[in-house]
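Below you'll find the structure, written out as structure tokens, and then a few comments.
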Amino acid sequence: MAAPGPVTPEAPFESSQPPVIEGFSPTIYRNPEGFKEKFLRKTRENPMVPIGCLGTAAALTYGLYSFHRGHSQRSQLMMRTRIAAQGFTVTAILLGLAASAMKSRP
């Protein structure tokens, strides 16, 4: 039976340095994006999502106002409109995701 070769001790783990992972290179953000900048960038990328959100909020608000005033038919119409606006928003999100996935392909 052959004796194993000399064992060289590896450098101990340094908590001040991130671990080295093969194939991964961390990026350091020097200028973090704030809420306003991110919101404006995302709105420019897919403007239909905020429009759908505003439509949903408007239909909900007007529907609740109509319900409070006792206009049940108008309230029902606004709740149905809200559902349509939510569907529009979800569709806009999915189409935006598909478009960004197609853009990122080589």
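Residues are referred to by chain and number: the chain letter is A, B, ... according to the order shown in the structure tokens, the number counts from 1 in that chain, and ligands are numbered separately from 1 in the order shown.
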
Select from segment 54-81 of chain A every residue with an atom at most 10 Å from any atom of segment 89-96 of chain A, then for each give the shortest pair of atoms and their distance in Å to one decimal, using only C-alpha atoms, rows by chain and rising number, as JSON lines.
```
{"residue": "A:Leu54", "atom": "CA", "partner": "A:Thr89", "partner_atom": "CA", "distance": 9.5}
{"residue": "A:Gly55", "atom": "CA", "partner": "A:Thr89", "partner_atom": "CA", "distance": 8.9}
{"residue": "A:Thr56", "atom": "CA", "partner": "A:Thr89", "partner_atom": "CA", "distance": 8.3}
```

For the residues selected in the previous step, produce a file with all heavy atoms as a compact mmCIF listing (two decimals), in the first residue's frame.
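Output saved as result_11.txt:
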```
# COMPACT_ATOMS: atom_id res chain seq x y z
N LEU A 54 -53.24 51.49 -13.42
CA LEU A 54 -54.06 52.69 -13.21
C LEU A 54 -55.51 52.43 -13.59
O LEU A 54 -56.43 52.88 -12.89
CB LEU A 54 -53.50 53.87 -14.00
CG LEU A 54 -52.20 54.46 -13.48
CD1 LEU A 54 -51.68 55.52 -14.44
CD2 LEU A 54 -52.40 55.04 -12.10
N GLY A 55 -55.74 51.71 -14.67
CA GLY A 55 -57.11 51.36 -15.07
C GLY A 55 -57.80 50.48 -14.03
O GLY A 55 -58.98 50.68 -13.72
N THR A 56 -57.05 49.53 -13.48
CA THR A 56 -57.61 48.66 -12.44
C THR A 56 -57.98 49.48 -11.21
O THR A 56 -59.07 49.33 -10.65
CB THR A 56 -56.58 47.57 -12.06
OG1 THR A 56 -56.27 46.81 -13.23
CG2 THR A 56 -57.12 46.66 -10.99
```

(Q) If DSSP is run on the backbone, what residues of segment 5-96 of chain A are helix (DSSP H, G or I)? A reply as number ranges by chain would be ideal. (A) A: 35-45, 48-69, 72-96

Q. Which residue out of A:Pro19, A:Gly63, A:Gly52, A:Pro47 has the minimum interatomic distance to Arg80 of chain A when only C-alpha atoms are used?
A.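 Among the listed residues, A:Gly63 lies closest to Arg80 of chain A.
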
Q.
Just the number, please: distance in Å from atom CA of Cys53 of chain A to atom CA of Arg74 of chain A, one decimal.
A. 20.4 Å

Q: Write out as a ChimeraX atom specification each polymer residue whose atoms come within 10 Å of segment 40-46 of chain A, counting only C-alpha atoms; drop sequence neighbours fewer than 3 positions from it.
A: /A:33,35-37,49-51,92-93,95-97,99-100

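With atom CA of Ala98 of chain A on one side and atom CA of Gln86 of chain A on the other, the separation reads 18.4 Å.
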
Q) Using only C-alpha atoms, which residues sit within 10 Å of Leu64 of chain A once same-chain residues fewer than 6 positions away are excluded, as a ChimeraX atom specification? A) /A:58,70-72,74-76,78-79

Q: Rank A:Ser104, A:Gln17, A:Lys38, A:Met48 by their smallest atom-to-atom distance to Phe88 of chain A, using only C-alpha atoms, and report the top residue only.
A: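 Of A:Ser104, A:Gln17, A:Lys38, A:Met48, the one nearest Phe88 of chain A is A:Met48, counting only C-alpha atoms.
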
Q) Just how far from atom CA of Gly23 of chain A is atom CA of Ala101 of chain A, in Å to one decimal? A)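 Separation between atom CA of Ala101 of chain A and atom CA of Gly23 of chain A: 22.4 Å.
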